[in-house]
Each structure stands twice: as structure tokens, then as C-alpha cells.
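Single-structure report; data block below.
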Amino acid sequence: MINILMISGSLRSNSYNTAILRYLKNEFGFELYENLGEIPAFNADLNIHTLTHDDSPKNVQAFRQTLKHADAIIISTPEFAHQIPGVLKNALDWVVSSGELSDKPTMVISATPTHLGGEKVHDALVYLLNVIDARVIEEASLQVSMVNQKINKEGNITDTALLEALNTRIHHFLQSIEANTTPATSAKKS
Ligand SMILES: Cc1cc2nc3c(=O)[nH]c(=O)nc-3n(C[C@H](O)[C@H](O)[C@H](O)COP(=O)(O)O)c2cc1C
């Protein structure tokens with residue numbers, strides 16, 4: 001079974017981006033990472049690791065291990081001042097040198113209440129993921145515009161076009177992962 005880890009770029013309890021990932025969790029059983037807010041501010045002085053040993057802060061170690069054991073990643077993020085939210089960028093800064101996202105199939109979703117659907121953050125995140133050698137699956141990526149009209153107050157997706165788009169993208173994502181990778185979980189066992 002493919003192990004997919006999902007990260008929301010928003011810590012807000014009623015986040016639309018997290019609501020999208022909760023839908024994917026319920027529908028497909030993917031894991032939602034819940035501890036992004038616990039990762040300390042990046043400090044190169046504390047970024048102490050080798051290939052075999054990690055003396056970085058405990059929550060950073062845990063984040064890295066969780067990423068390492070995932071076969072693929074889905075990130076859904078809002079756009080803040082046309083940029084990647086600080087909490088997400090901060091977490092990704094910790095894995096620049098340790099490389100847990102290297103060659104990892106990654107799907108990018110951006111969702112905002114505007115008609116642009118976070119195109120700037122989408123481009124910025126894809127750019128960053130390419131810099132750290134993640135394998136962004138472009139045909140699986142999605143920009144969700146007017147998200148506030150597509151998800152209700154209870155956090156349920158009410159827009160059938162969005163549900164269809166998500167299901168189609170997940171189908172492409174799973175196909176791409178299966179075509180190109182040996183699951184990390186099976187590799188670990190052998
Ligand atoms: C500090 C801040 C900056 C924002 N900047 C943008 C922006 O540049 N572009 C945009 O489309 N929305 C922007 N928004 C609106 C967010 O997209 C909106 O609040 C969204 O619902 C946040 O995502 P979430 O629902 O997943 O928490 C901003 C919101 C905040 C709080």
C-alpha cells in the first residue's frame with residue numbers, strides 16, 4: 001500500500017486547504033500531518049545532522065522521519081502576500097540539506113477565495129520543490145479558485161467540479177507514483 005503524507009500550509013482550524021486534505025484523508029485514507037505548527041524556526045546552528053545521525057531539534061527529527069517514510073507527498077496551501085506561508089516555508093527550510101523530499105513524488109494544491117486560486121504561491125512552491133529535488137507531478141497539481149464558495153462552514157466540499165478535479169488529480173498522482181517508484185515502505189521491509 002502506498003503511504004501518502006499530506007501537509008496543509010494553513011494552521012487555521014477552519015482552513016479550506018486543510019478541509020481539502022481532510023476530504024482526501026476520508027476518501028483515500030492518506031495521512032494528514034498535524035504537527036507543522038510545532039516545528040521551530042529554522043536556525044542553521046541547530047541544523048546538526050549527518051547521513052546517519054540527527055541532532056537537530058526533536059520536532060524537526062520527527063518531521064524528517066515522517067517525510068522519509070512517506071512514498072509521496074501532497075501539499076495544499078493558501079497564498080500569503082503572494083508567497084508561501086511562513087510556517088510551510090520554515091518546515092521546508094529544515095529539509096533543504098537533509099534531503100527527505102529528494103525524488104519524492106509531490107502533488108501541489110493551492111486554494112484561495114480569489115479567482116486566481118493562488119497561482120503565485122503555486123508557482124513559488126513548485127519552484128522551491130524543484131530546487132530541493134522533489135518530483136513534482138504537474139498533471140496532478142491543482143489551483144482552486146473561489147474556494148470559499150466550494151466548501152461549506154462544516155468543512156465539506158459542496159462543489160461537484162472540485163470533487164471531480166480532486167479525484168482526477170489523485171488518479172493521475174497514483175498512476176505516476178506506481179509507474180515510477182518502489183514504495184518506501186516495501187523498500188524498508190526488504
Ligand atoms: C496574511 C494574509 C495574506 C493573504 N494574502 C493573500 C494573497 O496574497 N493571495 C490570496 O489569494 N489570498 C490571500 N489571503 C487570503 C487567504 O487566501 C485566505 O485567508 C485563505 O482562506 C487562507 O487559507 P486557509 O483557508 O486554508 O486558511 C491572505 C490572508 C492572510 C491572512
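As shown in the C-alpha cells, the chain order sets the letters A, B, ...; within each chain, residues go from 1, and ligands are also counted from 1 in the order they appear.
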Inset, instruction - Write out as number ranges by chain all residues of range 59-154 of chain A that backbone DSSP assigns to helix (DSSP H, G or I). - result: A: 59-68, 86-93, 119-131, 138-140, 147-149
Written selection (C-alpha atoms) as a PDB file, in the first residue's frame:
ATOM      1  CA  ASN A  59      10.252  18.035  16.298  1.00  0.00           C
ATOM      2  CA  VAL A  60      12.438  18.538  13.250  1.00  0.00           C
ATOM      3  CA  GLN A  61      13.748  14.977  13.571  1.00  0.00           C
ATOM      4  CA  ALA A  62      10.165  13.713  13.785  1.00  0.00           C
ATOM      5  CA  PHE A  63       9.136  15.737  10.725  1.00  0.00           C
ATOM      6  CA  ARG A  64      12.088  14.400   8.742  1.00  0.00           C
ATOM      7  CA  GLN A  65      11.332  10.792   9.734  1.00  0.00           C
ATOM      8  CA  THR A  66       7.681  11.177   8.751  1.00  0.00           C
ATOM      9  CA  LEU A  67       8.680  12.549   5.341  1.00  0.00           C
ATOM     10  CA  LYS A  68      11.320   9.858   4.897  1.00  0.00           C
ATOM     11  CA  GLY A  86       5.902  31.206   6.606  1.00  0.00           C
ATOM     12  CA  VAL A  87       5.022  28.081   8.585  1.00  0.00           C
ATOM     13  CA  LEU A  88       5.268  25.897   5.471  1.00  0.00           C
ATOM     14  CA  LYS A  89       8.386  27.582   4.096  1.00  0.00           C
ATOM     15  CA  ASN A  90      10.005  27.230   7.525  1.00  0.00           C
ATOM     16  CA  ALA A  91       9.311  23.481   7.615  1.00  0.00           C
ATOM     17  CA  LEU A  92      10.692  23.045   4.108  1.00  0.00           C
ATOM     18  CA  ASP A  93      13.854  25.002   5.030  1.00  0.00           C
ATOM     19  CA  GLU A 119      -1.278  30.982  -8.798  1.00  0.00           C
ATOM     20  CA  LYS A 120       1.676  32.897  -7.335  1.00  0.00           C
ATOM     21  CA  VAL A 121       2.086  30.629  -4.324  1.00  0.00           C
ATOM     22  CA  HIS A 122       1.599  27.642  -6.595  1.00  0.00           C
ATOM     23  CA  ASP A 123       4.476  28.744  -8.840  1.00  0.00           C
ATOM     24  CA  ALA A 124       6.635  29.663  -5.833  1.00  0.00           C
ATOM     25  CA  LEU A 125       6.074  26.291  -4.163  1.00  0.00           C
ATOM     26  CA  VAL A 126       6.743  24.302  -7.340  1.00  0.00           C
ATOM     27  CA  TYR A 127       9.938  26.354  -7.828  1.00  0.00           C
ATOM     28  CA  LEU A 128      11.087  25.624  -4.258  1.00  0.00           C
ATOM     29  CA  LEU A 129      10.225  21.914  -4.541  1.00  0.00           C
ATOM     30  CA  ASN A 130      12.239  21.701  -7.755  1.00  0.00           C
ATOM     31  CA  VAL A 131      15.203  23.357  -6.022  1.00  0.00           C
ATOM     32  CA  GLU A 138       2.451  18.644 -12.697  1.00  0.00           C
ATOM     33  CA  GLU A 139      -0.560  16.808 -14.144  1.00  0.00           C
ATOM     34  CA  ALA A 140      -1.708  16.083 -10.582  1.00  0.00           C
ATOM     35  CA  VAL A 147     -12.644  28.086  -2.533  1.00  0.00           C
ATOM     36  CA  ASN A 148     -14.922  29.821  -0.002  1.00  0.00           C
ATOM     37  CA  GLN A 149     -17.842  29.115  -2.365  1.00  0.00           C
TER      38      GLN A 149
END
Do you know which residues are within 10 Å of ligand 1 using only C-alpha atoms and all ligand atoms? Can you write them as a CSV table (one decimal) with N, CA, C and O atoms, in the first residue's frame?
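So the final result, stored in part.csv, reads:
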chain,number,residue,atom,x,y,z
A,8,SER,N,-0.8,20.6,5.2
A,8,SER,CA,-1.5,21.8,4.9
A,8,SER,C,-0.6,23.0,5.2
A,8,SER,O,0.0,23.1,6.3
A,9,GLY,N,-0.6,24.0,4.4
A,9,GLY,CA,0.1,25.2,4.6
A,9,GLY,C,-0.6,26.2,5.5
A,9,GLY,O,-0.1,27.3,5.8
A,10,SER,N,-1.7,25.8,6.1
A,10,SER,CA,-2.5,26.7,7.0
A,10,SER,C,-2.7,26.0,8.3
A,10,SER,O,-3.1,24.8,8.4
A,11,LEU,N,-2.5,26.7,9.4
A,11,LEU,CA,-2.7,26.2,10.7
A,11,LEU,C,-4.2,26.6,11.2
A,11,LEU,O,-4.6,26.2,12.3
A,12,ARG,N,-4.9,27.3,10.4
A,12,ARG,CA,-6.2,27.8,10.8
A,12,ARG,C,-7.2,26.6,11.0
A,12,ARG,O,-7.2,25.7,10.1
A,13,SER,N,-7.9,26.6,12.1
A,13,SER,CA,-8.8,25.4,12.4
A,13,SER,C,-9.8,25.2,11.3
A,13,SER,O,-10.2,24.1,10.9
A,14,ASN,N,-10.4,26.3,10.7
A,14,ASN,CA,-11.4,26.2,9.6
A,14,ASN,C,-10.8,26.4,8.2
A,14,ASN,O,-11.4,26.8,7.3
A,15,SER,N,-9.5,26.0,8.1
A,15,SER,CA,-8.8,26.2,6.9
A,15,SER,C,-9.4,25.5,5.7
A,15,SER,O,-9.8,24.3,5.8
A,16,TYR,N,-9.6,26.2,4.6
A,16,TYR,CA,-10.1,25.5,3.4
A,16,TYR,C,-9.1,24.5,2.8
A,16,TYR,O,-9.5,23.4,2.3
A,17,ASN,N,-7.8,24.8,2.9
A,17,ASN,CA,-6.8,23.9,2.4
A,17,ASN,C,-6.8,22.6,3.3
A,17,ASN,O,-6.7,21.5,2.7
A,18,THR,N,-6.9,22.7,4.6
A,18,THR,CA,-6.9,21.5,5.4
A,18,THR,C,-8.2,20.8,5.2
A,18,THR,O,-8.2,19.5,5.2
A,19,ALA,N,-9.3,21.5,4.9
A,19,ALA,CA,-10.6,20.8,4.6
A,19,ALA,C,-10.4,19.9,3.3
A,19,ALA,O,-11.0,18.8,3.2
A,20,ILE,N,-9.7,20.4,2.3
A,20,ILE,CA,-9.5,19.6,1.1
A,20,ILE,C,-8.7,18.4,1.4
A,20,ILE,O,-9.0,17.3,1.0
A,76,SER,N,-1.2,21.2,0.3
A,76,SER,CA,-2.3,22.1,-0.1
A,76,SER,C,-2.0,23.4,0.7
A,76,SER,O,-2.0,23.4,2.0
A,77,THR,N,-1.9,24.5,0.0
A,77,THR,CA,-1.5,25.7,0.7
A,77,THR,C,-2.3,26.9,0.3
A,77,THR,O,-2.7,27.1,-0.9
A,78,PRO,N,-2.5,27.9,1.2
A,78,PRO,CA,-3.0,29.2,0.8
A,78,PRO,C,-1.9,30.0,0.3
A,78,PRO,O,-0.7,29.6,0.4
A,79,GLU,N,-2.2,31.3,-0.1
A,79,GLU,CA,-1.2,32.2,-0.5
A,79,GLU,C,-1.2,33.4,0.5
A,79,GLU,O,-2.3,33.9,0.8
A,80,PHE,N,-0.1,33.7,1.0
A,80,PHE,CA,0.0,34.9,1.9
A,80,PHE,C,0.9,36.0,1.3
A,80,PHE,O,2.1,35.7,1.1
A,81,ALA,N,0.3,37.1,0.9
A,81,ALA,CA,1.1,38.2,0.3
A,81,ALA,C,1.8,37.7,-0.9
A,81,ALA,O,3.0,38.0,-1.1
A,82,HIS,N,1.2,36.8,-1.7
A,82,HIS,CA,1.7,36.2,-2.9
A,82,HIS,C,2.8,35.3,-2.7
A,82,HIS,O,3.5,34.9,-3.6
A,83,GLN,N,3.0,34.8,-1.5
A,83,GLN,CA,4.1,33.9,-1.1
A,83,GLN,C,3.6,32.7,-0.4
A,83,GLN,O,2.5,32.5,0.0
A,84,ILE,N,4.6,31.8,-0.2
A,84,ILE,CA,4.4,30.6,0.6
A,84,ILE,C,4.2,31.0,2.0
A,84,ILE,O,5.0,31.8,2.5
A,85,PRO,N,3.2,30.5,2.7
A,85,PRO,CA,3.0,30.8,4.2
A,85,PRO,C,4.3,30.5,4.9
A,85,PRO,O,4.9,29.4,4.7
A,86,GLY,N,4.6,31.4,5.9
A,86,GLY,CA,5.9,31.2,6.6
A,86,GLY,C,6.0,29.8,7.3
A,86,GLY,O,7.1,29.3,7.3
A,110,SER,N,-3.2,24.5,-4.4
A,110,SER,CA,-3.3,25.8,-3.8
A,110,SER,C,-4.8,26.2,-3.8
A,110,SER,O,-5.5,25.9,-4.8
A,111,ALA,N,-5.3,26.8,-2.7
A,111,ALA,CA,-6.7,27.1,-2.6
A,111,ALA,C,-6.8,28.5,-2.0
A,111,ALA,O,-6.3,28.7,-0.9
A,112,THR,N,-7.5,29.4,-2.6
A,112,THR,CA,-7.8,30.7,-2.1
A,112,THR,C,-9.2,31.2,-2.4
A,112,THR,O,-9.8,30.7,-3.4
A,113,PRO,N,-9.7,32.2,-1.7
A,113,PRO,CA,-11.0,32.7,-2.0
A,113,PRO,C,-11.0,33.6,-3.3
A,113,PRO,O,-12.1,34.1,-3.7
A,114,THR,N,-9.9,33.9,-3.9
A,114,THR,CA,-9.9,34.8,-5.0
A,114,THR,C,-10.0,34.0,-6.3
A,114,THR,O,-10.0,32.7,-6.3
A,115,HIS,N,-10.2,34.7,-7.4
A,115,HIS,CA,-10.4,34.0,-8.7
A,115,HIS,C,-9.1,33.4,-9.3
A,115,HIS,O,-9.1,32.7,-10.2
A,116,LEU,N,-8.0,33.7,-8.7
A,116,LEU,CA,-6.7,33.2,-9.2
A,116,LEU,C,-6.3,31.9,-8.6
A,116,LEU,O,-5.4,31.2,-9.1
A,117,GLY,N,-6.9,31.5,-7.4
A,117,GLY,CA,-6.6,30.2,-6.8
A,117,GLY,C,-5.2,30.1,-6.4
A,117,GLY,O,-4.6,29.0,-6.4
A,118,GLY,N,-4.5,31.2,-6.1
A,118,GLY,CA,-3.2,31.1,-5.5
A,118,GLY,C,-2.1,30.8,-6.6
A,118,GLY,O,-1.2,30.0,-6.3
A,119,GLU,N,-2.2,31.4,-7.7
A,119,GLU,CA,-1.3,31.0,-8.8
A,119,GLU,C,0.2,31.4,-8.4
A,119,GLU,O,1.1,30.7,-8.8
A,120,LYS,N,0.3,32.5,-7.7
A,120,LYS,CA,1.7,32.9,-7.3
A,120,LYS,C,2.3,31.9,-6.3
A,120,LYS,O,3.5,31.6,-6.4
A,121,VAL,N,1.5,31.6,-5.3
A,121,VAL,CA,2.1,30.6,-4.3
A,121,VAL,C,2.3,29.3,-5.0
A,121,VAL,O,3.3,28.6,-4.6
A,145,SER,N,-9.8,28.1,-7.2
A,145,SER,CA,-10.2,29.5,-7.0
A,145,SER,C,-11.5,29.5,-6.3
A,145,SER,O,-12.2,28.5,-6.2
A,146,MET,N,-11.8,30.7,-5.7
A,146,MET,CA,-13.1,30.9,-5.0
A,146,MET,C,-13.5,29.7,-4.1
A,146,MET,O,-14.6,29.3,-4.0
A,147,VAL,N,-12.5,29.3,-3.4
A,147,VAL,CA,-12.6,28.1,-2.5
A,147,VAL,C,-13.7,28.3,-1.5
A,147,VAL,O,-14.4,27.3,-1.0
A,148,ASN,N,-13.9,29.5,-1.0
A,148,ASN,CA,-14.9,29.8,0.0
A,148,ASN,C,-16.3,29.5,-0.5
A,148,ASN,O,-17.3,29.4,0.3
A,151,ILE,N,-16.6,25.1,-0.4
A,151,ILE,CA,-16.5,24.4,0.9
A,151,ILE,C,-17.4,25.1,1.9
A,151,ILE,O,-17.3,26.3,2.1
Inset, instruction - Have a look at A:Thr106, A:Asn26, A:Asn43, A:Ser141 and name the one nearest to Pro57 in chain A; count only C-alpha atoms. - result: A:Asn43
Inset, instruction - Go through A:Ile170, A:Leu162, A:Leu21, A:Ser176 and flag the residue nearest Lys104 in chain A, using only C-alpha atoms for the distances. - result: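 Among the listed residues, the smallest separation from Lys104 in chain A belongs to A:Ser176.
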Inset, instruction - Please provide the set of residues having any atom within 12 Å of Ile4 in chain A, restricted to only C-alpha atoms, with same-chain residues fewer than 3 positions apart removed, written as a PyMOL selection string. - result: chain A and resi 1+7+21+24-25+28-33+66-75+104-107+170+173-174+177+183-185
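Put simply, CA of Phe42 in chain A is 23.7 Å away from CA of Val136 in chain A.
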Inset, instruction - Can you work out the spacing between CA of Trp94 in chain A and CA of Lys58 in chain A in Å, to one decimal? - result: 12.1 Å
Legend entry - Residue list (strand (DSSP E), DSSP) for range 16-138 of chain A, as a list in words: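 Reading the DSSP output for range 16-138 of chain A, strand (DSSP E) covers Glu31, Leu32, Ala72, Ile73, Ile74, Ile75, Ser76, Thr77, Pro105, Thr106, Met107, Val108, Ile109, Ser110, Ala111, Arg135 and Val136 of chain A.
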Inset, instruction - Report the distance between CA of Thr158 in chain A and CA of Gln143 in chain A in Å, rounded to one decimal place. - result: 16.7 Å
Inset, instruction - Counting only C-alpha atoms, figure out which residue out of A:Thr50, A:Leu5, A:Ser56, A:Ile137 gets nearest to His171 in chain A. - result: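 For His171 in chain A, the nearest of the given residues is A:Ile137.
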